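Peer 1: I'd like to ask some things about the structure below.
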Amino acid sequence: MAKKIPMRMCVSCREMQPKKELVRVVRTPAGSVILDTVGRANGRGAYLCRKSACLEKAIKSKALERALETKIEPETYETLRTQFASYHEQQ
């Protein structure tokens, strides 16, 4: 019997993909927004494709703000962009 693969939807392009192929962005209980590279951080999460275009589209359309139910400052978006770029270099 085949094992079920957990699927999640990208908040930007709305495409369903296996959970392991997506990147999780988390609003921590303290209220900060971070990139969750491990996928186990506490807090409310939203999933994005690994494409930088999806991150930019989510920022422009405020999809991350809606998914995480919080206002995200421009400085936080810049931090997310740098974390996203360094995450791609590690992969």
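So you can find residues: chains in the structure tokens are A, B, ... in the order shown, residues in each start at 1, and ligands are numbered from 1 in order.
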If we count only C-alpha atoms and set the cut-off at 9 Å, which residues sit around Gly39 of chain A, ignoring sequence neighbours fewer than 6 positions away in its own chain? Please answer as a PyMOL selection string.
Peer 2: chain A and resi 20+23-25
Peer 1: Please return as a ChimeraX atom specification: the residues of chain A that backbone DSSP assigns to helix (DSSP H, G or I).
Peer 2: /A:19-21,52-60,63-68,74-90
Peer 1: Write out, as a CSV table (one decimal), in the first residue's frame, the residues just selected, with C-alpha atoms.
Peer 2:
```csv
chain,number,residue,atom,x,y,z
A,19,LYS,CA,4.6,19.6,1.3
A,20,LYS,CA,8.3,18.9,1.0
A,21,GLU,CA,8.5,20.8,-2.3
A,52,SER,CA,11.2,33.8,-6.1
A,53,ALA,CA,8.4,34.9,-8.5
A,54,CYS,CA,5.9,33.4,-6.1
A,55,LEU,CA,7.3,35.2,-3.2
A,56,GLU,CA,7.2,38.5,-5.1
A,57,LYS,CA,3.6,37.8,-6.2
A,58,ALA,CA,2.6,37.0,-2.6
A,59,ILE,CA,4.1,40.2,-1.4
A,60,LYS,CA,2.5,42.3,-4.1
A,63,ALA,CA,-1.4,37.0,0.1
A,64,LEU,CA,1.1,36.4,2.9
A,65,GLU,CA,-0.6,39.0,5.1
A,66,ARG,CA,-4.0,37.4,4.6
A,67,ALA,CA,-2.7,33.8,5.2
A,68,LEU,CA,-0.8,34.8,8.3
A,74,PRO,CA,8.4,46.4,4.5
A,75,GLU,CA,11.6,45.6,6.5
A,76,THR,CA,10.2,42.1,7.2
A,77,TYR,CA,9.6,41.6,3.5
A,78,GLU,CA,13.3,42.5,2.8
A,79,THR,CA,14.4,40.0,5.5
A,80,LEU,CA,12.2,37.3,3.9
A,81,ARG,CA,13.7,38.1,0.5
A,82,THR,CA,17.3,37.6,1.9
A,83,GLN,CA,16.3,34.5,3.8
A,84,PHE,CA,14.6,33.1,0.7
A,85,ALA,CA,17.7,33.8,-1.5
A,86,SER,CA,20.1,32.2,1.1
A,87,TYR,CA,17.7,29.2,1.3
A,88,HIS,CA,18.0,28.7,-2.5
A,89,GLU,CA,21.8,28.8,-2.3
A,90,GLN,CA,21.8,26.0,0.3
```
Peer 1: Can you list, as a PyMOL selection string, all residues belonging to segment 3-87 of chain A that DSSP tags as strand (DSSP E or B)?
Peer 2: chain A and resi 7-10+16-18+23-27+33-36+44-48
Peer 1: Rounded to one decimal place, report the atom CA of Val33 of chain A-atom CA of Ala46 of chain A distance in Å.
Peer 2: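 That distance, rounded to one decimal, is 10.5 Å.
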Peer 1: Residues at most 12 Å from Met16 of chain A, counting only C-alpha atoms, excluding those fewer than 3 positions away in the same chain, as a PyMOL selection string?
Peer 2: chain A and resi 5-13+19-22+47-49
Peer 1: How far is it from atom CA of Ala2 of chain A to atom CA of Arg40 of chain A, in Å with one decimal?
Peer 2: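 According to the coordinates, atom CA of Ala2 of chain A and atom CA of Arg40 of chain A are separated by 24.4 Å.
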Peer 1: Rounded to one decimal place, report the atom CA of Arg27 of chain A-atom CA of Arg44 of chain A distance in Å.
Peer 2: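 Separation between atom CA of Arg27 of chain A and atom CA of Arg44 of chain A: 5.2 Å.
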Peer 1: Which polymer residues have any atom within 8 Å of an atom of Pro29 of chain A, counting only C-alpha atoms, with same-chain residues fewer than 3 positions away left out, as a list of chain:residue names?
Peer 2: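 Listed by chain and then number, they are A:Ser32, A:Asn42, A:Gly43.
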